[in-house]
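Novice: Here it is, the structure, as structure tokens.
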Amino acid sequence: MKANYGYHDGSGDFFITIDSNLCTGCVECISSCPADVLEMITDDYDDVVAAVKDEHRKKIKYSCAECKPVDEQPPLPCVAACEPGAITHSW
Amino acid sequence: MTTEYWRWKEYNWKNPDIDWKDAKNITVGVDVGSVSSQAVIMTDGELYAYSNMRTGSDSPESAENALDWALKDTGMTLDNILYAVGTGYGRVNVPFADRAITEIACHGRGANFMYGPTVRTILDMGGQDCKVIQVDEKGKVQEFLMNDKCAAGTGRGMEVFADLLEIPIEDIGELSFQVDEEPEPVSSTCVIFAKTEATGLLRQGWPKNDVLAAYCSAMALRVVALIERVGVEEDFAITGGIAKNAGVVKRLTGYLNLEALQPKHDTQIAGALGGALFAQTLAVKEGKVPS
Amino acid sequence: MVSIGVDMGAKNVKVVVLRENEVIGKALVTAGLDTEGALKEALQSASREAGIDYDEVGNITATGAGRKDVPMARDELTEVGAAARGALFHFSDARTVIDVGAEEGRGVRFNAEGRVIDFVINEKCAAGAGAFTEAMARALEVPLEEFGPLSLKSDREIPMNAQCAVFAESEVVSLVHAKTPKKDIARAVHDAIASRITSMVRRVGVEERVALVGGLAYNVGFIDSLNRDLETEVLIPPDPEYTAAIGAAVVAAERGAKASEGGENS
């Protein structure tokens with residue numbers, strides 16, 4: 001299952017997509033995130049997978065601001081930490 | 001008292017062909033949304049009764065009210081129900097629930113029952129959120145997106161316009177087609193800015209119906225952007241309150257260049273229905289159904 | 001030499017007349033449907049206050065969302081550049097300017113010459129703009145000018161869950177129903193918008209000192225919340241809504257001077 005966490009508002013698309021079919025539950029992404037945005041959950045189909053915390057889903061544009069500056073920069077910590085490539089960002 | 005143009009009718013329904021006393025597996029799904037709450041009762045895999053009400057300020061009470069209303073005149077009580085699943089925004093506050101399941105999974109399963117196993121993409125336009133869900137032939141979620149951060153593309157956004165234009169919300173769809181020429185969509189996505197824009201259009205002398213048309217198109221376009229993020233695979237179905245607004249639905253399917261499946265039941269019950277279906281399975285799994 | 005800066009905003013037209021780096025006339029006219037008429041009126045009114053003849057004007061520069069619709073302007077300047085130059089006009093030690101108007105918010109970092117280093121803009125969403133506080137004041141039934149002072153009376157922090165202004169309106173109404181004091185709700189509203197503006201501006205890197213301009217610079221409640229969030233004391237210029245027009249006038253003077261130099265040399 002691909003979970004798109006985030007939103008689309010007047011100012012743009014702000015989604016973090018986590019593919020639970022790829023996620024191995026290694027928790028590397030969680031420790032890599034400086035803003036403590038990610039957590040492990042047991043989803044509705046009883047898979048233990050990474051997810052964006054509820055309190056960040058409506059403000060990830062702001063929560064992720066630290067790693068998402070205006071200029072170009074190296075891969076995001078969470079994306080870089082995820083070996084199976086389960087995490088993608090929309091913006 | 002001032003007129004509340006956003007207010008829609010609450011109601012309940014029961015299947016006259018079913019005698020629940022013959023049933024072995026009786027379950028309920030309760031969807032406590034931010035705006036509306038539904039309870040769906042299933043007997044041996046069949047839809048037996050449901051209710052649809054406005055959510056009050058208290059989630060547990062709204063869940064109980066929805067259940068009571070679905071049970072009304074059936075002779076059934078909570079004691080007859082083997083398994084209850086809570087879903088929706090207030091799912092953890094359903095006092096009689098045996099388990100809480102997210103509305104995403106419940107919508108997938110509910111839509112699979114309502115529209116049949118060919119449905120692959122479900123758009124749910126609720127009171128305070130908008131969801132795009134892709135499911136397999138069993139109704140299991142393959143991909144989802146939920147936008148509950150922003151009011152644009154939700155029932156709440158439409159309510160704001162019903163109030164602004166002083167038009168009952170149930171009439172908006174039809175009135176939005178009573179225009180000489182289809183106007184340009186309102187350019188602002190944000191409901192607050194769209195409201196300012198609409199006020200400006202009215203001041204310029206635009207008829208109300210044209211403003212409605214412009215807003216319905218804007219809402220449709222915005223939802224199209226969300227759907228395209230996930231991708232649309234047919235068959236396509238729309239659930240939730242806005243599914244009843246032809247002004248948005250027809251424009252939306254027009255932009256996507258496809259048809260939406262016709263619903264067999266009230267489009268607002270999909271989540272609760274999915275909850276009741278999960279409950280059917282769980283009741284068997286947990287040995288609650290007498291053999 | 002006399003120069004003029006015109007800021008064609010979404011709502012208002014602002015005009016500033018500058019002579020030898022001093023503001024000698026200014027005017028603000030609400031545009032409504034007739035932007036052309038409002039522009040003329042603002043130009044006349046500011047020129048009258050300045051006591052100048054049109055012949056004296058060396059250069060006119062336009063900024064703002066409607067800067068293309070200023071036919072008498074000889075050149076234009078982005079809102080970002082105008083905010084930086086306007087902030088620097090008032091405060092030579094400012095290096096970051098936060099500009100929050102009714103419909104947008106922006107953060108700009110610049111150097112000592114007013115050259116823009118980095119900027120970020122939030123538009124098209126009321127959650128990060130002045131419209132958010134306006135909507136909340138309305139929901140709370142408090143006049144906008146009393147909303148900021150009311151917030152200062154609160155000593156309690158309550159979080160707001162909603163980001164969207166439409167959903168926040170409902171949240172404010174439920175807080176009122178739950179008998180939450182209005183002053184605490186007012187503070188929650190200002191804390192919420194300040195926190196969004198702070199996160200936005202951090203993306204460009206906040207360099208001291210920080211100036212705040214635009215309509216929200218009049219709101220003491222917002223200023224208080226913003227100072228707490230940024231852990232600094234923001235600088236507020238006099239007549240903050242004229243900052244962009246001043247920035248445009250400063251640039252008009254510079255470009256006018258360069259053009260006349262060039263003219264003499266040729």
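Chain labels run A, B, ... following the order of the structure tokens; each chain numbers its residues from 1, and ligands are numbered from 1 in the order shown.
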Per residue of chain A within 7 Å of chain B, which atom pair is closest and at what distance in Å (one decimal), using only C-alpha atoms, listed by chain and increasing number, as JSON lines?
Specialist:
```
{"residue": "A:Met1", "atom": "CA", "partner": "B:Gln142", "partner_atom": "CA", "distance": 4.3}
{"residue": "A:Lys2", "atom": "CA", "partner": "B:Glu143", "partner_atom": "CA", "distance": 4.3}
{"residue": "A:Ala3", "atom": "CA", "partner": "B:Phe144", "partner_atom": "CA", "distance": 5.3}
{"residue": "A:Asn4", "atom": "CA", "partner": "B:Leu145", "partner_atom": "CA", "distance": 4.7}
{"residue": "A:Tyr5", "atom": "CA", "partner": "B:Leu145", "partner_atom": "CA", "distance": 6.6}
{"residue": "A:Gly6", "atom": "CA", "partner": "B:Asn147", "partner_atom": "CA", "distance": 6.6}
{"residue": "A:Tyr7", "atom": "CA", "partner": "B:Asn147", "partner_atom": "CA", "distance": 4.9}
{"residue": "A:His8", "atom": "CA", "partner": "B:Asn147", "partner_atom": "CA", "distance": 6.9}
{"residue": "A:Asp9", "atom": "CA", "partner": "B:Cys150", "partner_atom": "CA", "distance": 6.0}
{"residue": "A:Gly10", "atom": "CA", "partner": "B:Thr189", "partner_atom": "CA", "distance": 5.0}
{"residue": "A:Asp44", "atom": "CA", "partner": "B:Ile101", "partner_atom": "CA", "distance": 6.3}
{"residue": "A:Lys58", "atom": "CA", "partner": "B:Lys149", "partner_atom": "CA", "distance": 4.9}
```
Novice: Could you save the residues just selected, with N, CA, C and O atoms, as a JSON list (two decimals), in the first residue's frame?
Specialist:
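Result went into part_8.json, see below:
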```
[["chain", "number", "residue", "atom", "x", "y", "z"],
["A", 1, "MET", "N", 0.84, -1.21, 0.00],
["A", 1, "MET", "CA", 0.00, 0.00, 0.00],
["A", 1, "MET", "C", 0.88, 1.25, 0.00],
["A", 1, "MET", "O", 1.83, 1.35, 0.76],
["A", 2, "LYS", "N", 0.55, 2.19, -0.87],
["A", 2, "LYS", "CA", 1.27, 3.47, -0.89],
["A", 2, "LYS", "C", 0.44, 4.49, -0.12],
["A", 2, "LYS", "O", -0.70, 4.76, -0.48],
["A", 3, "ALA", "N", 1.02, 5.01, 0.94],
["A", 3, "ALA", "CA", 0.31, 5.99, 1.75],
["A", 3, "ALA", "C", 0.87, 7.38, 1.44],
["A", 3, "ALA", "O", 2.06, 7.62, 1.59],
["A", 4, "ASN", "N", 0.00, 8.26, 0.99],
["A", 4, "ASN", "CA", 0.41, 9.65, 0.74],
["A", 4, "ASN", "C", 0.00, 10.50, 1.93],
["A", 4, "ASN", "O", -1.18, 10.79, 2.12],
["A", 5, "TYR", "N", 0.97, 10.90, 2.73],
["A", 5, "TYR", "CA", 0.68, 11.74, 3.88],
["A", 5, "TYR", "C", 0.96, 13.20, 3.53],
["A", 5, "TYR", "O", 2.02, 13.50, 3.01],
["A", 6, "GLY", "N", 0.02, 14.05, 3.86],
["A", 6, "GLY", "CA", 0.25, 15.46, 3.60],
["A", 6, "GLY", "C", -0.98, 16.09, 2.99],
["A", 6, "GLY", "O", -2.10, 15.68, 3.28],
["A", 7, "TYR", "N", -0.77, 17.06, 2.14],
["A", 7, "TYR", "CA", -1.92, 17.79, 1.61],
["A", 7, "TYR", "C", -1.56, 18.57, 0.37],
["A", 7, "TYR", "O", -0.40, 18.75, 0.02],
["A", 8, "HIS", "N", -2.60, 19.05, -0.26],
["A", 8, "HIS", "CA", -2.48, 19.97, -1.39],
["A", 8, "HIS", "C", -3.27, 21.18, -0.94],
["A", 8, "HIS", "O", -4.44, 21.05, -0.61],
["A", 9, "ASP", "N", -2.65, 22.33, -0.88],
["A", 9, "ASP", "CA", -3.43, 23.53, -0.57],
["A", 9, "ASP", "C", -3.12, 24.58, -1.61],
["A", 9, "ASP", "O", -2.49, 24.28, -2.63],
["A", 10, "GLY", "N", -3.62, 25.80, -1.38],
["A", 10, "GLY", "CA", -3.44, 26.85, -2.38],
["A", 10, "GLY", "C", -1.98, 27.06, -2.75],
["A", 10, "GLY", "O", -1.67, 27.48, -3.86],
["A", 44, "ASP", "N", -3.95, -0.95, 9.13],
["A", 44, "ASP", "CA", -5.21, -1.69, 9.21],
["A", 44, "ASP", "C", -5.09, -3.13, 8.73],
["A", 44, "ASP", "O", -5.97, -3.94, 8.97],
["A", 58, "LYS", "N", -0.81, 17.69, 8.78],
["A", 58, "LYS", "CA", -1.45, 18.90, 8.25],
["A", 58, "LYS", "C", -0.48, 20.08, 8.18],
["A", 58, "LYS", "O", -0.88, 21.19, 7.88]]
```
Novice: May I have the residues within 8 Å of Ala63 (chain B) as a list in words, using only C-alpha atoms and disregarding those fewer than 4 positions away in the same chain?
Specialist: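 Counting only C-alpha atoms, the residues come to Val30, Asp31, Val32, Ser37, Gln38, Ala39, Ser59, Leu67, Val94 and Pro95 of chain B.
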Novice: Counting only C-alpha atoms, which of A:Thr24, A:Thr17, A:Ser63, A:Thr42 gets nearest to chain C?
Specialist: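 That would be A:Ser63, the residue with the smallest distance to chain C.
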Novice: So, counting only C-alpha atoms, which residue among A:Ile16, A:Cys64, A:Met40, A:Ala50 is closest to Ser90 (chain A)?
Specialist: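 Using only C-alpha atoms, Ser90 (chain A) sits closest to A:Ile16.
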Novice: Enumerate, as a PDB file with N, CA, C and O atoms, in the first residue's frame, the complete set of residues in region 11-82 of chain A that a backbone-based DSSP assignment places in helix (DSSP H, G or I).
Specialist:
```
ATOM      1  N   GLU A  28      15.233   3.010  10.335  1.00  0.00           N
ATOM      2  CA  GLU A  28      16.342   3.938  10.043  1.00  0.00           C
ATOM      3  C   GLU A  28      15.829   5.355   9.780  1.00  0.00           C
ATOM      4  O   GLU A  28      16.430   6.344  10.183  1.00  0.00           O
ATOM      5  N   CYS A  29      14.703   5.452   9.075  1.00  0.00           N
ATOM      6  CA  CYS A  29      14.175   6.771   8.715  1.00  0.00           C
ATOM      7  C   CYS A  29      13.803   7.574   9.960  1.00  0.00           C
ATOM      8  O   CYS A  29      13.955   8.789  10.005  1.00  0.00           O
ATOM      9  N   ILE A  30      13.312   6.870  10.965  1.00  0.00           N
ATOM     10  CA  ILE A  30      12.817   7.556  12.156  1.00  0.00           C
ATOM     11  C   ILE A  30      13.947   8.286  12.874  1.00  0.00           C
ATOM     12  O   ILE A  30      13.819   9.455  13.232  1.00  0.00           O
ATOM     13  N   SER A  31      15.087   7.601  13.017  1.00  0.00           N
ATOM     14  CA  SER A  31      16.199   8.261  13.707  1.00  0.00           C
ATOM     15  C   SER A  31      16.873   9.311  12.819  1.00  0.00           C
ATOM     16  O   SER A  31      17.536  10.206  13.316  1.00  0.00           O
ATOM     17  N   SER A  32      16.683   9.205  11.504  1.00  0.00           N
ATOM     18  CA  SER A  32      17.342  10.161  10.617  1.00  0.00           C
ATOM     19  C   SER A  32      16.630  11.513  10.572  1.00  0.00           C
ATOM     20  O   SER A  32      17.193  12.511  10.149  1.00  0.00           O
ATOM     21  N   ASP A  54       0.595  11.783  13.045  1.00  0.00           N
ATOM     22  CA  ASP A  54      -0.652  12.495  12.860  1.00  0.00           C
ATOM     23  C   ASP A  54      -0.504  14.011  12.995  1.00  0.00           C
ATOM     24  O   ASP A  54      -1.013  14.781  12.186  1.00  0.00           O
ATOM     25  N   GLU A  55       0.216  14.426  14.044  1.00  0.00           N
ATOM     26  CA  GLU A  55       0.292  15.867  14.301  1.00  0.00           C
ATOM     27  C   GLU A  55       1.083  16.629  13.233  1.00  0.00           C
ATOM     28  O   GLU A  55       1.031  17.852  13.194  1.00  0.00           O
ATOM     29  N   HIS A  56       1.810  15.898  12.375  1.00  0.00           N
ATOM     30  CA  HIS A  56       2.568  16.585  11.322  1.00  0.00           C
ATOM     31  C   HIS A  56       1.877  16.561   9.960  1.00  0.00           C
ATOM     32  O   HIS A  56       2.285  17.256   9.044  1.00  0.00           O
ATOM     33  N   ARG A  57       0.840  15.735   9.835  1.00  0.00           N
ATOM     34  CA  ARG A  57       0.250  15.537   8.506  1.00  0.00           C
ATOM     35  C   ARG A  57      -0.343  16.805   7.911  1.00  0.00           C
ATOM     36  O   ARG A  57      -0.404  16.946   6.708  1.00  0.00           O
ATOM     37  N   ILE A  60       3.171  19.488   7.197  1.00  0.00           N
ATOM     38  CA  ILE A  60       4.512  18.996   6.851  1.00  0.00           C
ATOM     39  C   ILE A  60       5.324  20.005   6.037  1.00  0.00           C
ATOM     40  O   ILE A  60       6.542  19.977   6.070  1.00  0.00           O
ATOM     41  N   LYS A  61       4.619  20.886   5.347  1.00  0.00           N
ATOM     42  CA  LYS A  61       5.357  21.946   4.645  1.00  0.00           C
ATOM     43  C   LYS A  61       6.219  22.704   5.658  1.00  0.00           C
ATOM     44  O   LYS A  61       7.339  23.106   5.367  1.00  0.00           O
ATOM     45  N   TYR A  62       5.680  22.892   6.844  1.00  0.00           N
ATOM     46  CA  TYR A  62       6.406  23.610   7.885  1.00  0.00           C
ATOM     47  C   TYR A  62       7.320  22.672   8.672  1.00  0.00           C
ATOM     48  O   TYR A  62       8.462  23.011   8.969  1.00  0.00           O
ATOM     49  N   SER A  63       6.792  21.466   9.015  1.00  0.00           N
ATOM     50  CA  SER A  63       7.607  20.511   9.787  1.00  0.00           C
ATOM     51  C   SER A  63       8.881  20.144   9.037  1.00  0.00           C
ATOM     52  O   SER A  63       9.937  19.979   9.628  1.00  0.00           O
ATOM     53  N   ALA A  65      10.401  21.937   6.825  1.00  0.00           N
ATOM     54  CA  ALA A  65      11.057  23.127   6.280  1.00  0.00           C
ATOM     55  C   ALA A  65      12.578  23.064   6.425  1.00  0.00           C
ATOM     56  O   ALA A  65      13.325  23.451   5.532  1.00  0.00           O
ATOM     57  N   GLU A  66      13.021  22.505   7.554  1.00  0.00           N
ATOM     58  CA  GLU A  66      14.448  22.431   7.847  1.00  0.00           C
ATOM     59  C   GLU A  66      15.217  21.692   6.737  1.00  0.00           C
ATOM     60  O   GLU A  66      16.320  22.077   6.358  1.00  0.00           O
ATOM     61  N   CYS A  67      14.645  20.589   6.261  1.00  0.00           N
ATOM     62  CA  CYS A  67      15.307  19.784   5.232  1.00  0.00           C
ATOM     63  C   CYS A  67      14.888  20.189   3.829  1.00  0.00           C
ATOM     64  O   CYS A  67      15.333  19.607   2.854  1.00  0.00           O
ATOM     65  N   PRO A  77      17.363  13.513   4.472  1.00  0.00           N
ATOM     66  CA  PRO A  77      17.838  12.484   5.402  1.00  0.00           C
ATOM     67  C   PRO A  77      16.959  11.229   5.401  1.00  0.00           C
ATOM     68  O   PRO A  77      17.477  10.115   5.374  1.00  0.00           O
ATOM     69  N   CYS A  78      15.642  11.410   5.422  1.00  0.00           N
ATOM     70  CA  CYS A  78      14.762  10.240   5.501  1.00  0.00           C
ATOM     71  C   CYS A  78      14.839   9.406   4.224  1.00  0.00           C
ATOM     72  O   CYS A  78      14.852   8.174   4.267  1.00  0.00           O
ATOM     73  N   VAL A  79      14.898  10.103   3.084  1.00  0.00           N
ATOM     74  CA  VAL A  79      14.965   9.407   1.798  1.00  0.00           C
ATOM     75  C   VAL A  79      16.298   8.664   1.696  1.00  0.00           C
ATOM     76  O   VAL A  79      16.360   7.507   1.279  1.00  0.00           O
ATOM     77  N   ALA A  80      17.387   9.339   2.132  1.00  0.00           N
ATOM     78  CA  ALA A  80      18.719   8.739   2.070  1.00  0.00           C
ATOM     79  C   ALA A  80      18.824   7.534   3.009  1.00  0.00           C
ATOM     80  O   ALA A  80      19.498   6.557   2.702  1.00  0.00           O
ATOM     81  N   ALA A  81      18.133   7.615   4.147  1.00  0.00           N
ATOM     82  CA  ALA A  81      18.239   6.544   5.145  1.00  0.00           C
ATOM     83  C   ALA A  81      17.477   5.289   4.731  1.00  0.00           C
ATOM     84  O   ALA A  81      17.745   4.198   5.210  1.00  0.00           O
TER      85      ALA A  81
END
```
Novice: Considering only C-alpha atoms, return as a ChimeraX atom specification whatever protein or nucleic-acid residues lie within 7 Å of region 38-40 of chain C, sequence-local ones (same chain, fewer than 6 positions apart) excluded.
Specialist: /C:13,29-31
Novice: Compute the chain C side of the contact with chain B at 12 Å, counting only C-alpha atoms, and hand it back as a PyMOL selection string.
Specialist: chain C and resi 10-11+31-34+102-104+123-136+161-171+173-175+177-178
